[in-house]
Structure formats: C-alpha cells, structure tokens
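Participant: Below is target.txt; it holds compact mmCIF, C-alpha atoms and all ligand atoms.
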# COMPACT_ATOMS: atom_id res chain seq x y z
CA MET A 50 35.48 -41.01 -71.11
CA SER A 51 37.97 -43.11 -69.14
CA ALA A 52 37.74 -43.23 -65.35
CA LEU A 53 41.09 -41.43 -65.31
CA ASP A 54 40.08 -38.43 -67.37
CA ASP A 55 40.33 -35.18 -65.47
CA HIS A 56 40.79 -37.05 -62.20
CA ALA A 57 40.23 -35.37 -58.85
CA PHE A 58 43.06 -35.23 -56.33
CA LEU A 59 43.63 -33.90 -52.81
CA LYS A 60 46.68 -31.80 -51.98
CA MET A 61 47.48 -32.32 -48.31
CA ASN A 62 50.47 -32.17 -46.00
CA GLY A 63 51.68 -33.84 -42.84
CA LEU A 64 53.91 -31.31 -41.04
CA GLY A 65 54.75 -29.74 -44.39
CA ASN A 66 55.60 -33.08 -46.07
CA GLU A 67 53.76 -32.52 -49.36
CA ILE A 68 51.25 -35.24 -50.17
CA VAL A 69 48.94 -35.69 -53.17
CA ILE A 70 46.17 -38.31 -52.91
CA LEU A 71 44.76 -39.83 -56.07
CA ASP A 72 41.83 -42.22 -55.80
CA LEU A 73 41.99 -45.05 -58.35
CA ARG A 74 39.71 -47.45 -56.47
CA GLY A 75 37.53 -49.21 -59.02
CA SER A 76 40.14 -48.77 -61.76
CA ALA A 77 42.80 -51.26 -62.89
CA HIS A 78 45.20 -48.44 -63.84
CA VAL A 79 48.60 -48.51 -62.14
CA VAL A 80 50.38 -45.15 -62.21
CA THR A 81 53.72 -45.39 -64.04
CA PRO A 82 56.92 -43.66 -62.86
CA ALA A 83 56.59 -41.23 -65.80
CA GLU A 84 53.02 -40.38 -64.81
CA ALA A 85 54.10 -39.83 -61.19
CA ARG A 86 56.87 -37.47 -62.33
CA ALA A 87 54.44 -35.60 -64.58
CA ILE A 88 51.98 -35.14 -61.69
CA ALA A 89 54.87 -33.99 -59.43
CA GLY A 90 55.79 -31.44 -62.09
CA GLY A 91 52.30 -29.89 -62.07
CA SER A 92 52.20 -26.49 -60.37
CA ASP A 93 49.25 -27.37 -58.09
CA SER A 94 49.89 -31.12 -57.89
CA HIS A 95 53.54 -31.01 -56.80
CA PHE A 96 54.28 -33.57 -54.08
CA ASP A 97 57.03 -35.20 -52.06
CA GLN A 98 54.87 -38.36 -52.09
CA LEU A 99 51.91 -39.40 -54.22
CA MET A 100 49.53 -41.78 -52.43
CA VAL A 101 47.43 -43.70 -54.95
CA LEU A 102 44.41 -45.53 -53.54
CA HIS A 103 43.44 -48.90 -54.99
CA ASP A 104 40.82 -51.45 -53.98
CA PRO A 105 41.90 -53.32 -50.83
CA VAL A 106 43.35 -56.82 -51.20
CA THR A 107 41.67 -58.13 -48.03
CA SER A 108 38.20 -57.36 -46.70
CA ARG A 109 39.53 -55.97 -43.39
CA ALA A 110 41.32 -53.07 -45.14
CA ALA A 111 39.80 -49.80 -46.37
CA ALA A 112 42.21 -49.43 -49.30
CA PHE A 113 45.55 -50.49 -50.76
CA MET A 114 48.07 -47.65 -51.18
CA ARG A 115 50.80 -47.40 -53.83
CA ILE A 116 53.33 -44.75 -52.84
CA TYR A 117 55.50 -42.78 -55.27
CA ASN A 118 58.31 -40.28 -54.65
CA SER A 119 58.54 -37.12 -56.75
CA ASP A 120 61.26 -38.71 -58.94
CA GLY A 121 58.75 -41.45 -59.90
CA SER A 122 60.34 -44.18 -57.77
CA ASP A 123 58.13 -46.16 -55.44
CA SER A 124 58.28 -46.55 -51.67
CA ALA A 125 56.68 -49.24 -49.56
CA ALA A 126 55.98 -46.84 -46.69
CA CYS A 127 55.09 -43.21 -45.95
CA GLY A 128 54.02 -42.19 -42.45
CA ASN A 129 52.79 -38.67 -43.15
CA GLY A 130 50.96 -39.80 -46.29
CA THR A 131 49.25 -42.63 -44.40
CA ARG A 132 47.78 -40.15 -41.90
CA CYS A 133 46.58 -37.98 -44.81
CA VAL A 134 44.90 -40.99 -46.48
CA ALA A 135 43.20 -41.90 -43.17
CA TRP A 136 41.84 -38.35 -43.03
CA ALA A 137 40.62 -38.49 -46.65
CA LEU A 138 38.80 -41.78 -46.01
CA ALA A 139 37.32 -40.45 -42.74
CA ARG A 140 35.92 -37.51 -44.71
CA GLU A 141 33.99 -39.93 -46.90
CA GLY A 142 32.59 -41.73 -43.85
CA ALA A 143 35.19 -44.40 -43.00
CA PRO A 144 35.42 -45.32 -39.31
CA ASP A 145 37.94 -43.64 -37.00
CA GLU A 146 39.83 -46.95 -36.74
CA LEU A 147 40.82 -48.39 -40.11
CA VAL A 148 43.44 -50.53 -41.81
CA LEU A 149 45.41 -49.49 -44.91
CA GLU A 150 47.43 -51.94 -46.99
CA THR A 151 50.84 -51.20 -48.50
CA ALA A 152 53.47 -53.25 -50.33
CA SER A 153 55.20 -53.76 -46.97
CA GLY A 154 52.14 -54.75 -44.92
CA ALA A 155 48.94 -53.48 -43.30
CA LEU A 156 48.91 -50.34 -41.14
CA ALA A 157 46.22 -49.60 -38.53
CA SER A 158 45.22 -45.95 -38.11
CA SER A 159 43.24 -44.31 -35.29
CA ARG A 160 41.70 -40.85 -35.41
CA ILE A 161 42.54 -39.04 -32.15
CA ALA A 162 41.05 -35.65 -33.06
CA PRO A 163 39.59 -34.29 -36.33
CA GLU A 164 43.04 -33.71 -37.84
CA LEU A 165 45.26 -35.82 -35.58
CA PHE A 166 45.99 -39.50 -36.24
CA THR A 167 48.01 -42.32 -34.71
CA VAL A 168 49.30 -44.94 -37.14
CA ASP A 169 50.74 -48.28 -36.06
CA MET A 170 53.77 -48.35 -38.37
CA GLY A 171 54.59 -51.96 -37.51
CA GLU A 172 57.79 -53.55 -36.34
CA PRO A 173 61.15 -52.04 -37.32
CA ARG A 174 63.64 -54.37 -39.01
CA PHE A 175 67.34 -54.39 -38.16
CA ASP A 176 68.70 -57.33 -40.14
CA TRP A 177 71.06 -56.06 -42.88
CA ARG A 178 69.28 -58.19 -45.51
CA GLU A 179 65.90 -56.67 -44.67
CA ILE A 180 66.98 -52.99 -44.63
CA PRO A 181 68.56 -53.82 -47.20
CA LEU A 182 72.32 -53.29 -47.01
CA ALA A 183 74.79 -54.54 -49.60
CA ARG A 184 76.74 -56.49 -46.95
CA ASP A 185 76.76 -57.51 -43.32
CA VAL A 186 78.06 -54.55 -41.27
CA GLY A 187 77.68 -56.33 -37.93
CA ASP A 188 75.56 -54.35 -35.48
CA THR A 189 73.20 -52.16 -37.57
CA SER A 190 72.56 -49.89 -34.57
CA LEU A 191 76.18 -48.62 -34.71
CA PHE A 192 78.54 -49.20 -37.61
CA ASP A 193 81.28 -47.38 -39.50
CA LEU A 194 80.23 -45.88 -42.81
CA GLU A 195 82.96 -44.48 -44.98
CA VAL A 196 81.84 -41.31 -46.72
CA PRO A 197 84.63 -40.03 -48.98
CA GLY A 198 85.47 -36.43 -48.09
CA TRP A 199 83.40 -36.47 -44.89
CA PRO A 200 85.50 -38.13 -42.18
CA GLY A 201 83.74 -36.32 -39.33
CA LEU A 202 80.25 -37.78 -39.72
CA GLY A 203 80.89 -40.58 -37.25
CA ARG A 204 79.16 -43.90 -36.89
CA ALA A 205 75.71 -44.61 -38.27
CA SER A 206 72.53 -46.63 -37.58
CA ALA A 207 70.32 -48.29 -40.18
CA VAL A 208 66.67 -49.34 -39.78
CA SER A 209 63.86 -50.50 -42.06
CA MET A 210 60.38 -49.16 -41.39
CA GLY A 211 59.21 -50.93 -44.56
CA ASN A 212 61.60 -48.51 -46.33
CA PRO A 213 65.33 -48.03 -45.68
CA HIS A 214 66.71 -45.40 -43.29
CA LEU A 215 70.25 -44.28 -42.42
CA ILE A 216 70.64 -42.19 -39.26
CA PHE A 217 73.55 -40.13 -37.98
CA PHE A 218 73.40 -38.73 -34.45
CA ILE A 219 75.39 -35.51 -34.61
CA ARG A 220 75.61 -32.03 -33.11
CA ASP A 221 73.71 -29.22 -34.86
CA PRO A 222 72.23 -31.08 -37.89
CA MET A 223 71.20 -27.75 -39.45
CA SER A 224 74.85 -26.75 -39.92
CA TYR A 225 75.58 -29.58 -42.41
CA HIS A 226 75.46 -28.93 -46.15
CA PHE A 227 72.52 -31.20 -46.87
CA ASP A 228 72.36 -30.42 -50.60
CA THR A 229 75.80 -32.02 -51.01
CA LEU A 230 75.63 -34.75 -48.38
CA GLY A 231 72.02 -35.84 -48.96
CA PRO A 232 72.43 -37.09 -52.55
CA LEU A 233 75.85 -38.59 -51.73
CA LEU A 234 74.46 -40.65 -48.84
CA GLU A 235 71.16 -41.51 -50.59
CA ARG A 236 73.20 -43.33 -53.27
CA HIS A 237 75.94 -44.72 -51.02
CA PRO A 238 76.98 -48.18 -52.33
CA LEU A 239 76.05 -49.79 -48.99
CA PHE A 240 72.35 -49.24 -49.90
CA PRO A 241 71.36 -51.17 -53.04
CA GLU A 242 67.84 -49.64 -53.03
CA ARG A 243 69.11 -46.16 -52.05
CA VAL A 244 68.23 -44.81 -48.60
CA ASN A 245 66.43 -42.05 -46.68
CA VAL A 246 69.01 -40.02 -44.73
CA SER A 247 68.44 -38.58 -41.25
CA PHE A 248 70.65 -36.17 -39.31
CA ALA A 249 69.50 -36.23 -35.69
CA GLU A 250 70.51 -34.43 -32.51
CA VAL A 251 69.40 -35.85 -29.17
CA MET A 252 68.22 -32.88 -27.08
CA SER A 253 67.04 -34.95 -24.07
CA PRO A 254 65.95 -38.56 -23.37
CA THR A 255 62.49 -37.66 -24.73
CA HIS A 256 63.31 -35.17 -27.49
CA VAL A 257 65.24 -35.39 -30.77
CA ASP A 258 65.74 -32.72 -33.45
CA LEU A 259 65.72 -34.19 -36.95
CA ARG A 260 66.47 -33.18 -40.50
CA VAL A 261 65.72 -35.59 -43.36
CA TRP A 262 66.90 -36.03 -46.93
CA GLU A 263 64.34 -38.33 -48.54
CA ARG A 264 65.17 -40.98 -51.08
CA GLY A 265 63.55 -39.91 -54.34
CA ALA A 266 62.32 -36.55 -53.05
CA GLY A 267 65.28 -34.66 -51.50
CA PRO A 268 64.99 -32.40 -48.45
CA THR A 269 61.51 -32.42 -46.90
CA LYS A 270 59.94 -30.55 -44.00
CA ALA A 271 59.03 -33.87 -42.37
CA CYS A 272 59.24 -37.62 -42.88
CA GLY A 273 57.15 -39.90 -40.68
CA THR A 274 59.06 -43.13 -41.29
CA ALA A 275 62.38 -41.30 -40.69
CA ALA A 276 61.01 -40.03 -37.36
CA CYS A 277 60.06 -43.63 -36.45
CA ALA A 278 63.44 -45.01 -37.57
CA THR A 279 65.32 -42.29 -35.68
CA ALA A 280 63.33 -42.79 -32.46
CA VAL A 281 63.94 -46.55 -32.64
CA ALA A 282 67.67 -46.14 -33.42
CA ALA A 283 68.06 -43.67 -30.54
CA ALA A 284 66.27 -45.95 -28.08
CA ARG A 285 68.28 -48.96 -29.29
CA ARG A 286 71.49 -47.08 -28.58
CA GLY A 287 70.24 -46.00 -25.13
CA LEU A 288 70.17 -42.33 -26.13
CA THR A 289 66.43 -41.87 -25.49
CA GLU A 290 63.44 -43.52 -23.87
CA ARG A 291 60.98 -45.57 -25.95
CA GLU A 292 58.67 -42.57 -26.37
CA ALA A 293 60.04 -39.32 -27.74
CA THR A 294 59.02 -36.13 -29.49
CA ILE A 295 60.76 -35.83 -32.83
CA THR A 296 61.02 -32.22 -33.98
CA LEU A 297 61.30 -31.77 -37.75
CA PRO A 298 61.46 -28.47 -39.68
CA GLY A 299 57.67 -28.80 -40.21
CA GLY A 300 56.77 -29.58 -36.58
CA ASP A 301 56.56 -32.38 -34.02
CA LEU A 302 55.70 -36.08 -34.23
CA ASP A 303 55.20 -38.25 -31.15
CA ILE A 304 56.84 -41.66 -31.61
CA PHE A 305 56.26 -44.56 -29.19
CA TRP A 306 58.13 -47.84 -29.65
CA ARG A 307 55.81 -50.23 -27.77
CA GLU A 308 57.58 -52.93 -25.78
CA SER A 309 54.80 -55.58 -25.89
CA ASP A 310 54.83 -56.20 -29.67
CA ARG A 311 57.77 -53.95 -30.72
CA HIS A 312 55.45 -51.93 -32.98
CA VAL A 313 56.10 -48.23 -33.57
CA LEU A 314 53.18 -45.82 -33.07
CA MET A 315 53.40 -42.46 -34.82
CA THR A 316 51.06 -39.61 -33.87
CA GLY A 317 50.81 -36.38 -35.82
CA PRO A 318 48.58 -33.91 -37.65
CA VAL A 319 47.36 -33.56 -41.22
CA GLU A 320 46.18 -30.59 -43.22
CA LEU A 321 44.07 -30.33 -46.38
CA GLU A 322 45.46 -27.57 -48.63
CA TRP A 323 43.23 -27.78 -51.70
CA GLU A 324 41.39 -30.09 -54.07
CA GLY A 325 42.30 -30.15 -57.77
CA ARG A 326 41.78 -32.07 -60.98
CA LEU A 327 44.53 -33.69 -63.03
CA PRO A 328 44.43 -33.08 -66.77
CA ALA A 329 43.81 -36.47 -68.43
CA SER A 330 47.10 -36.10 -70.35
CA LEU A 331 49.06 -36.43 -67.08
CA LEU A 332 47.91 -40.03 -66.71
CA ARG A 333 48.93 -41.05 -70.20
CA GLN A 334 52.70 -40.68 -69.86
CA ARG A 335 54.75 -43.36 -71.59
CA GLU A 336 58.00 -44.54 -70.03
CA SER A 337 61.09 -43.56 -72.00
CA VAL A 338 62.88 -46.53 -73.59
CA GLU A 339 65.65 -46.56 -71.01
CA GLU A 340 63.22 -47.15 -68.08
N1 LIG B 401 57.67 -38.87 -46.34
C1 LIG B 401 57.49 -40.22 -46.03
C2 LIG B 401 58.50 -41.21 -46.49
C3 LIG B 401 58.58 -41.27 -47.98
C4 LIG B 401 59.23 -42.45 -48.59
C5 LIG B 401 60.68 -42.26 -48.88
N2 LIG B 401 61.07 -41.13 -49.62
C6 LIG B 401 61.20 -43.56 -49.50
O1 LIG B 401 61.51 -43.61 -50.71
O2 LIG B 401 61.33 -44.53 -48.75
C7 LIG B 401 57.05 -40.45 -44.60
O3 LIG B 401 56.38 -39.57 -44.05
O4 LIG B 401 57.34 -41.51 -44.06
What would you get if you wrote out this structure as structure tokens?

Facilitator:
Amino acid sequence: MSALDDHAFLKMNGLGNEIVILDLRGSAHVVTPAEARAIAGGSDSHFDQLMVLHDPVTSRAAAFMRIYNSDGSDSAACGNGTRCVAWALAREGAPDELVLETASGALASSRIAPELFTVDMGEPRFDWREIPLARDVGDTSLFDLEVPGWPGLGRASAVSMGNPHLIFFIRDPMSYHFDTLGPLLERHPLFPERVNVSFAEVMSPTHVDLRVWERGAGPTKACGTAACATAVAAARRGLTEREATITLPGGDLDIFWRESDRHVLMTGPVELEWEGRLPASLLRQRESVEE
C-alpha cells in the first residue's frame, strides 16, 4: 500500500477560512492541481486552502508547506493556514515557537494560548515587480486602477505578503456586489499572476473592517495575508496606526507592523473541526492535457 492510500487529513479553520492539512512528510509525492481540486470537491474535505506538509528544507524548520487554493492553483503564503499548521504540529509535540518554510520564505510562529498563535509574516513588498504588477504604476500605496463599468471604486493600493494583494479603501464594503467585482478584479490585466482583492473601511486609527475575495478561492470569511496587506497599506497611507484590529466576516485578527525590522505580526485563533481520511483515488488525479 502506498503512503498516500487512504491518507489522514485535518479539517480546520482560521476565523472561518476553511483549511485542510495533509501530511506528506516522508513522501516524495507532490500534490497536483487536479488532485487539489478533487480534494476541494470532497464533501468533508472542502477547503479554501490546502496546506500540504513536506519535510523541511533546513534543519531549523519544522516543515515545508505547499499551499493550494480550491481551484488547484498554488499560493506562496496563507496566514490562517499557517496558524492551523502550527497548531497541528504543536498537537504532535512540536515546541510553542517554531519555523515553517514556504515557497516565499520561512515564517516563525509562537503559541500564545492553546488555540491562539502569532505568526511573523515577514516584510511586505511594495515594488511593482515584486507584487507583481504588469507595469510601473508609480506609488503602489495609491494609484489609479481603471475598472471598466466601475468608475466609483477610487484609487487602490497593492502589496505583496509573499502573495499579491489589491486593496480599496471605501465606505461600506458590504454594499458592493462582490460576486461580480471579485472575479473581475482578480483577473485584472495589471496583475499577471492574478490578485487577492480586499475592500476595506477604516473605522478608526486602530480598526479596519475588511471583506476579501481570494485569488483561486473566491469570497472567504477571512484571509490572514489580506489582513496583513490591508493593515500595512492603511498605515502607509496614514489612515491607521501600525497596530490595528482587522475585522473580517469570520472575526478579528490583530496585525502589528513592527518598525524595527518592518515585519508584520499576525495574531489570531484556530479551530479543529474534524479529522478525516482521503480516499486513495483522490491522490491519483491526472492533469487534463490542457494543463
Ligand atoms: N487565506 C489565506 C490566503 C490564501 C492565498 C490566496 N488565495 C492566494 O492565492 O494568494 C490567508 O489566510 O492568508
């Protein structure tokens, strides 16, 4: 029997952001986009993000994480999923302070309470080439973005937290028709790798309300990297202080953009929902010829 047959998984969430954790440490298997989509399509294994654990690349890390969206695409970062992985490793005896590797760098996590974690999400990137944007827009903290049919959206900010984010600061984000605007903005030609879309309303210098359309997953109850990107964009524009509570439909994240090293610290909860087993057939999906 292969190591992947009938594989165990954890179904967790971070503020309602649906996370599945699959442990492939000790195996050389790399989940394909088709396999990720098949797992997302399972009734008890549906996810916004799939966090697949692999053996760490360096000895200081507890694991390497590959991150997939529900459409099978990959992401180099996922804040809520990283907290869930830290919890899963703590349950098997890992220390409260640990390092997790991703395609965009190593993230340090600290356990604050049994189900509350702070993750150092690293330094945000503002250069248009690093976000990435298709062209130089000048100041990425405030630029004009033409959205055909939506003249009233106003100016935007763009930030990379290891993955690309587009943020609009607007009044009453809940009143916008996200199902139309989300996909339109996610695939806007300015973003060659697509983009996560945030609609934010600054409520006070320490509080922002946020709604997120995720690249590759659609509307989610919470997105940790979007909360980080929004807090940083707001502070950069002088709309908030460097520490703020970001309220998402699923609850609150505390985001602190530290001055000393410019790293962003994200603090929030995790929840284990259930443990399941994947049918072996789900990990044998072939890519269709066009992929
Ligand atoms: N939910 C995540 C972010 C997920 C990644 C995103 N959809 C992407 O493709 O970049 C979070 O909590 O940060």

Participant: Counting only C-alpha atoms and all ligand atoms, which residues in chain A sit no more than 9 Å from ligand LIG 401 (chain B)? For each one, give the nearest pair of atoms and the distance in Å, sorted by chain then residue number, as CSV.

Facilitator:
residue,atom,partner,partner_atom,distance
A:Gly63,CA,B:LIG401,O3,7.5
A:Asn66,CA,B:LIG401,N1,6.2
A:Glu67,CA,B:LIG401,N1,8.0
A:Ile68,CA,B:LIG401,N1,8.3
A:Asp97,CA,B:LIG401,N1,6.8
A:Gln98,CA,B:LIG401,C3,6.3
A:Ile116,CA,B:LIG401,C4,7.6
A:Tyr117,CA,B:LIG401,O1,7.6
A:Asn118,CA,B:LIG401,N2,5.8
A:Ser119,CA,B:LIG401,N2,8.6
A:Ser122,CA,B:LIG401,O1,7.2
A:Asp123,CA,B:LIG401,O1,6.3
A:Ser124,CA,B:LIG401,O1,4.5
A:Ala125,CA,B:LIG401,O2,6.7
A:Ala126,CA,B:LIG401,C4,5.8
A:Cys127,CA,B:LIG401,O4,3.4
A:Gly128,CA,B:LIG401,O4,3.8
A:Asn129,CA,B:LIG401,O3,3.8
A:Gly130,CA,B:LIG401,O3,5.9
A:Thr131,CA,B:LIG401,O3,7.8
A:Arg132,CA,B:LIG401,O3,8.9
A:Met210,CA,B:LIG401,O4,8.7
A:Gly211,CA,B:LIG401,O2,7.9
A:Asn212,CA,B:LIG401,O2,4.7
A:Pro213,CA,B:LIG401,O2,6.1
A:His214,CA,B:LIG401,O2,7.7
A:Arg243,CA,B:LIG401,O1,8.1
A:Val244,CA,B:LIG401,O2,6.9
A:Asn245,CA,B:LIG401,O2,6.0
A:Trp262,CA,B:LIG401,N2,8.2
A:Glu263,CA,B:LIG401,N2,4.4
A:Arg264,CA,B:LIG401,N2,4.4
A:Gly265,CA,B:LIG401,N2,5.5
A:Ala266,CA,B:LIG401,N2,5.9
A:Gly267,CA,B:LIG401,N2,7.9
A:Thr269,CA,B:LIG401,N1,7.5
A:Lys270,CA,B:LIG401,N1,8.9
A:Ala271,CA,B:LIG401,O3,6.5
A:Cys272,CA,B:LIG401,O3,3.7
A:Gly273,CA,B:LIG401,O3,3.5
A:Thr274,CA,B:LIG401,O4,3.6
A:Ala275,CA,B:LIG401,O4,6.1
A:Ala276,CA,B:LIG401,O4,7.8
A:Cys277,CA,B:LIG401,O4,8.4

Participant: Rank nothing, just name the residue among A:Glu164, A:Glu308, A:Glu290, A:Glu250 nearest to Trp136 in chain A, using only C-alpha atoms.

Facilitator: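 Nearest to Trp136 in chain A: A:Glu164.
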
Participant: For a quick check of understanding, using all atoms listed in the file, which of A:Ser76, A:Asn62, A:Thr107, A:Thr316 has the smallest distance to His95 in chain A?

Facilitator: A:Asn62

Participant: Restricting the calculation to only C-alpha atoms: of A:Ser209, A:Thr296, A:Ser330, A:Thr229, which residue gets closest to Ala249 in chain A?

Facilitator: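 Under the stated criterion, the closest residue is A:Thr296.
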
Participant: Quote the spacing between CA of Arg178 in chain A and CA of Leu202 in chain A in Å to one decimal place.

Facilitator: 23.9 Å

Participant: Using all atoms listed in the file, determine which residues lie at most 9 Å from Met223 in chain A, disregarding the query and same-chain residues fewer than 3 positions distant; provide the list as a count of residues only.

Facilitator: 6

Participant: What does the structure give for the distance between CA of Pro238 in chain A and CA of Val313 in chain A, in Å to one decimal?

Facilitator: 28.1 Å

Participant: Could you work out how far CA of Leu230 in chain A lies from CA of Glu172 in chain A, giving the answer in Å with one decimal?

Facilitator: 28.6 Å

Participant: Do you know which residues are at most 8 Å from range 144-161 of chain A counting all atoms listed in the file, after dropping those on the same chain fewer than 3 positions away, and could you put them as a PyMOL selection string?

Facilitator: chain A and resi 105-106+109-115+125-126+131-132+135+139+164-171+211
